[in-house]
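Peer 1: Have a peek at protein.cif (mmCIF, C-alpha atoms and all ligand atoms).
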data_protein
#
loop_
_atom_site.group_PDB
_atom_site.id
_atom_site.type_symbol
_atom_site.label_atom_id
_atom_site.label_comp_id
_atom_site.auth_asym_id
_atom_site.auth_seq_id
_atom_site.Cartn_x
_atom_site.Cartn_y
_atom_site.Cartn_z
ATOM 1 C CA MET A 105 169.810 54.306 265.766
ATOM 2 C CA SER A 106 171.986 51.431 264.593
ATOM 3 C CA ASP A 107 173.461 51.400 261.122
ATOM 4 C CA PHE A 108 171.044 48.624 260.184
ATOM 5 C CA GLU A 109 168.037 50.532 261.516
ATOM 6 C CA ASP A 110 169.194 53.610 259.679
ATOM 7 C CA LYS A 111 169.433 51.816 256.327
ATOM 8 C CA LEU A 112 166.165 50.021 256.992
ATOM 9 C CA GLN A 113 164.288 53.243 257.641
ATOM 10 C CA ASN A 114 165.769 54.821 254.509
ATOM 11 C CA ALA A 115 164.752 51.834 252.390
ATOM 12 C CA ILE A 116 161.172 51.618 253.601
ATOM 13 C CA ALA A 117 160.690 55.369 253.357
ATOM 14 C CA ASN A 118 160.769 54.989 249.583
ATOM 15 C CA PRO A 119 160.375 51.353 248.537
ATOM 16 C CA GLN A 120 161.152 50.625 244.890
ATOM 17 C CA ASN A 121 159.177 48.406 242.503
ATOM 18 C CA GLN A 122 156.319 47.813 244.898
ATOM 19 C CA GLY A 123 153.062 46.435 243.546
ATOM 20 C CA GLU A 124 151.673 43.860 241.154
ATOM 21 C CA MET A 125 153.043 43.682 237.622
ATOM 22 C CA SER A 126 150.191 43.123 235.200
ATOM 23 C CA ASP A 127 152.389 42.000 232.289
ATOM 24 C CA ALA A 128 154.735 39.767 234.299
ATOM 25 C CA ASP A 129 156.082 36.548 232.778
ATOM 26 C CA SER A 130 156.381 34.813 236.110
ATOM 27 C CA VAL A 131 155.363 35.162 239.734
ATOM 28 C CA GLY A 132 156.592 33.522 242.926
ATOM 29 C CA THR A 133 155.161 33.503 246.430
ATOM 30 C CA VAL A 134 156.537 32.508 249.786
ATOM 31 C CA GLY A 135 154.810 32.496 253.129
ATOM 32 C CA ASN A 136 156.136 31.950 256.598
ATOM 33 C CA PRO A 137 153.519 30.592 258.988
ATOM 34 C CA GLU A 138 155.644 31.417 262.011
ATOM 35 C CA CYS A 139 155.587 35.160 261.546
ATOM 36 C CA GLY A 140 152.576 35.192 259.203
ATOM 37 C CA ASP A 141 154.423 37.205 256.578
ATOM 38 C CA MET A 142 154.255 36.705 252.834
ATOM 39 C CA VAL A 143 156.300 37.978 249.933
ATOM 40 C CA ARG A 144 155.354 37.782 246.276
ATOM 41 C CA MET A 145 157.656 38.680 243.407
ATOM 42 C CA TRP A 146 156.887 39.265 239.744
ATOM 43 C CA LEU A 147 159.480 39.020 236.979
ATOM 44 C CA LYS A 148 159.468 40.251 233.409
ATOM 45 C CA PHE A 149 162.099 38.846 231.081
ATOM 46 C CA ASP A 150 163.798 40.184 228.020
ATOM 47 C CA GLU A 151 166.391 38.861 225.630
ATOM 48 C CA LYS A 152 169.812 40.444 225.453
ATOM 49 C CA ASP A 153 172.753 39.106 223.438
ATOM 50 C CA GLY A 154 170.964 35.769 223.140
ATOM 51 C CA LYS A 155 170.498 35.505 226.899
ATOM 52 C CA LYS A 156 167.373 35.739 228.938
ATOM 53 C CA VAL A 157 167.625 38.655 231.322
ATOM 54 C CA ILE A 158 165.342 40.132 233.941
ATOM 55 C CA ASN A 159 163.944 43.300 232.492
ATOM 56 C CA LYS A 160 162.063 44.297 235.613
ATOM 57 C CA ALA A 161 160.988 42.880 238.935
ATOM 58 C CA SER A 162 158.345 43.969 241.392
ATOM 59 C CA PHE A 163 157.089 42.766 244.749
ATOM 60 C CA GLN A 164 154.322 42.841 247.278
ATOM 61 C CA SER A 165 155.067 42.176 250.882
ATOM 62 C CA PHE A 166 152.477 41.622 253.529
ATOM 63 C CA GLY A 167 154.944 41.566 256.297
ATOM 64 C CA CYS A 168 157.658 43.168 258.282
ATOM 65 C CA GLN A 169 159.718 46.188 257.360
ATOM 66 C CA THR A 170 162.844 44.136 256.769
ATOM 67 C CA SER A 171 161.201 41.975 254.122
ATOM 68 C CA ILE A 172 159.900 45.113 252.392
ATOM 69 C CA ALA A 173 163.348 46.709 252.462
ATOM 70 C CA VAL A 174 165.119 43.587 251.186
ATOM 71 C CA ALA A 175 162.502 43.027 248.461
ATOM 72 C CA SER A 176 162.830 46.631 247.356
ATOM 73 C CA MET A 177 166.617 46.347 247.104
ATOM 74 C CA ALA A 178 166.455 42.924 245.501
ATOM 75 C CA THR A 179 164.084 44.039 242.742
ATOM 76 C CA GLU A 180 166.490 46.862 241.912
ATOM 77 C CA MET A 181 169.470 44.500 242.006
ATOM 78 C CA LEU A 182 167.763 42.009 239.669
ATOM 79 C CA LYS A 183 167.328 44.384 236.741
ATOM 80 C CA GLY A 184 169.546 43.299 233.874
ATOM 81 C CA LYS A 185 170.638 40.060 235.548
ATOM 82 C CA THR A 186 170.532 36.855 233.544
ATOM 83 C CA VAL A 187 168.434 34.013 234.937
ATOM 84 C CA GLU A 188 171.651 32.200 235.898
ATOM 85 C CA GLU A 189 172.973 35.256 237.709
ATOM 86 C CA ALA A 190 169.665 35.670 239.545
ATOM 87 C CA GLN A 191 169.679 31.996 240.537
ATOM 88 C CA ALA A 192 173.123 32.412 242.046
ATOM 89 C CA LEU A 193 172.008 35.195 244.389
ATOM 90 C CA SER A 194 171.628 34.207 248.015
ATOM 91 C CA SER A 195 169.520 35.954 250.605
ATOM 92 C CA THR A 196 172.747 37.479 251.914
ATOM 93 C CA ASP A 197 173.460 38.920 248.465
ATOM 94 C CA LEU A 198 169.936 40.264 248.135
ATOM 95 C CA SER A 199 170.033 41.952 251.525
ATOM 96 C CA SER A 200 173.657 43.112 251.248
ATOM 97 C CA PRO A 201 172.793 46.828 250.827
ATOM 98 C CA LEU A 202 171.318 46.659 254.341
ATOM 99 C CA GLY A 203 174.425 45.032 255.761
ATOM 100 C CA PRO A 204 174.279 41.861 257.833
ATOM 101 C CA LEU A 205 170.746 41.180 259.057
ATOM 102 C CA PRO A 206 170.197 40.726 262.796
ATOM 103 C CA PRO A 207 169.666 37.032 263.668
ATOM 104 C CA MET A 208 165.928 37.528 264.179
ATOM 105 C CA LYS A 209 165.660 39.053 260.708
ATOM 106 C CA ILE A 210 167.626 36.549 258.661
ATOM 107 C CA HIS A 211 164.482 34.708 257.625
ATOM 108 C CA CYS A 212 163.078 37.977 256.231
ATOM 109 C CA GLY A 213 165.838 37.976 253.609
ATOM 110 C CA GLU A 214 165.269 34.273 253.007
ATOM 111 C CA MET A 215 161.616 34.992 252.245
ATOM 112 C CA VAL A 216 162.666 37.331 249.453
ATOM 113 C CA GLU A 217 165.125 34.768 248.104
ATOM 114 C CA GLY A 218 162.356 32.147 248.252
ATOM 115 C CA ALA A 219 159.937 34.336 246.312
ATOM 116 C CA LEU A 220 162.630 34.970 243.687
ATOM 117 C CA ARG A 221 163.402 31.257 243.359
ATOM 118 C CA ASP A 222 159.727 30.429 243.079
ATOM 119 C CA ALA A 223 159.327 33.035 240.329
ATOM 120 C CA LEU A 224 162.388 31.692 238.485
ATOM 121 C CA ASN A 225 161.123 28.124 238.827
ATOM 122 C CA ASN A 226 157.729 29.101 237.530
ATOM 123 C CA ASP A 227 159.295 29.833 234.176
ATOM 124 C CA PRO A 228 161.592 26.803 233.871
ATOM 125 C CA ALA A 229 161.438 26.288 230.125
ATOM 126 C CA GLY A 230 162.521 29.798 229.441
ATOM 127 C CA GLU A 231 159.183 30.470 227.837
ATOM 128 C CA ALA A 232 157.316 33.531 228.873
ATOM 129 C CA SER A 233 154.247 32.099 230.511
ATOM 130 C CA PRO A 234 151.763 34.532 231.934
ATOM 131 C CA PRO A 235 150.802 34.021 235.565
ATOM 132 C CA SER A 236 147.590 32.113 236.095
ATOM 133 C CA PRO A 237 144.572 34.195 237.026
ATOM 134 C CA GLU A 238 144.739 32.610 240.441
ATOM 135 C CA SER A 239 148.293 33.768 241.017
ATOM 136 C CA GLN A 240 147.192 37.248 240.065
ATOM 137 C CA ASN A 241 145.198 37.475 243.255
ATOM 138 C CA THR A 242 146.395 40.197 245.493
ATOM 139 C CA LEU A 243 148.481 39.222 248.422
ATOM 140 C CA LEU A 244 145.954 40.749 250.746
ATOM 141 C CA GLY A 245 143.273 38.606 249.123
ATOM 142 C CA ASP A 246 145.382 35.521 249.728
ATOM 143 C CA MET A 247 145.971 36.492 253.310
ATOM 144 C CA ASN A 248 142.268 36.871 253.893
ATOM 145 C CA GLN A 249 141.562 33.392 252.648
ATOM 146 C CA PRO A 250 141.544 30.824 255.414
ATOM 147 C CA LYS A 251 143.384 28.391 253.182
ATOM 148 C CA MET A 252 145.764 28.951 250.339
ATOM 149 C CA LYS A 253 144.458 27.009 247.396
ATOM 150 C CA SER A 254 146.947 28.057 244.750
ATOM 151 C CA GLY A 255 149.543 25.580 245.938
ATOM 152 C CA LYS A 256 152.122 28.283 245.445
ATOM 153 C CA LEU A 257 152.582 28.886 249.114
ATOM 154 C CA LYS A 258 155.964 27.646 250.144
ATOM 155 C CA VAL A 259 156.876 27.256 253.731
ATOM 156 C CA VAL A 260 160.219 28.651 254.688
ATOM 157 C CA LEU A 261 161.439 26.891 257.745
ATOM 158 C CA LYS A 262 163.660 28.682 260.166
ATOM 159 C CA LYS A 263 167.053 27.134 260.404
HETATM 160 FE FE1 LIG A 301 158.818 37.363 259.154
HETATM 161 FE FE2 LIG A 301 160.253 39.538 258.659
HETATM 162 S S1 LIG A 301 159.438 38.905 260.587
HETATM 163 S S2 LIG A 301 159.460 38.153 257.227
#
Kindly return the structure encoded in the file as structure tokens.
Peer 2:
Amino acid sequence: MSDFEDKLQNAIANPQNQGEMSDADSVGTVGNPECGDMVRMWLKFDEKDGKKVINKASFQSFGCQTSIAVASMATEMLKGKTVEEAQALSSTDLSSPLGPLPPMKIHCGEMVEGALRDALNNDPAGEASPPSPESQNTLLGDMNQPKMKSGKLKVVLKK
């Protein structure tokens, strides 16, 4: 097994912070029509030393193992980060515990970054705004709908 495969299997054996967060301040969703995968991330903020920091993050992934592993690691990495620090994180940073992603899997990390950015953008004023009831739909529910109507679906194009 390659080093990447090894780390991947370890990460998905015990994913962290998986599942909806009922008291989240913000939620972001990204879908990729090419592979059909979706990632949703919830953020809860706190205030520390006058700065807004991520208190906790959780995710749902209806997709491949790599996106689950990266989302799990990313939600751990985000704890305690300020919004500015979180905004500065690239998909490479978020997936760094796995090591470099194979070319076919780079977009999996980008999905997680996209969900994070969407969640950060959904709380632009720094006010804690609860997710709309619509965005509280489960990912599986969204996937079963023929059309996304929330408008939160962002297409991540492969580079
Ligand atoms: Fe599409 Fe991994 S194969 S997110």
Peer 1: So which one's closest to ligand LIG 301 (chain A), A:Gly203, A:Val131, A:Trp146, A:Glu214? Using only C-alpha atoms and all ligand atoms, please.
Peer 2: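 Using only C-alpha atoms and all ligand atoms, the shortest distance to ligand LIG 301 (chain A) belongs to A:Glu214.
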Peer 1: Could the residues that lie within 6 Å of ligand LIG 301 (chain A), counting only C-alpha atoms and all ligand atoms, be listed as a list in words?
Peer 2: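 Here is the list of contacting residues: Cys139, Asp141, Gly167, Cys168, Thr170, Ser171, Lys209 and Cys212 of chain A.
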Peer 1: How many Å lie between atom CA of A:Ala115 and atom CA of A:Ala219, rounded to one decimal?
Peer 2: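 If I compute the distance from atom CA of A:Ala115 to atom CA of A:Ala219, I get 19.1 Å.
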Peer 1: Starting from the shown file, work through the PyMOL selection byres (((chain A and resi 148) around 6) and not hetatm) and note down what comes out as a list in words.
Peer 2: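 Selected by the PyMOL selection byres (((chain A and resi 148) around 6) and not hetatm) in this file: Ala128, Asp129, Leu147, Phe149, Ile158, Asn159 and Lys160 of chain A.
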Peer 1: What lies within 12 Å of A:Leu205 using all atoms listed in the file, ignoring chain neighbours under 6 positions off, as a ChimeraX atom specification?
Peer 2: /A:106-109,111-112,170-171,173-174,195-199,211-214
Peer 1: Pick the closest to A:Gly154 from A:Asp127, A:Val134, A:Thr186, A:Ala192: which is it, counting only C-alpha atoms?
Peer 2: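 Ranked by minimum distance to A:Gly154, first place goes to A:Thr186.
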Peer 1: Can you tell me how far atom CA of A:Glu217 sits from atom CA of A:Asp110, in Å to one decimal?
Peer 2: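 Computing it gives 22.5 Å between the two atoms.
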Peer 1: Work out how far apart atom CA of A:Met215 and atom CA of A:Ser194 are and give it in Å to one decimal.
Peer 2: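 Atom CA of A:Ser194 lies 10.9 Å from atom CA of A:Met215.
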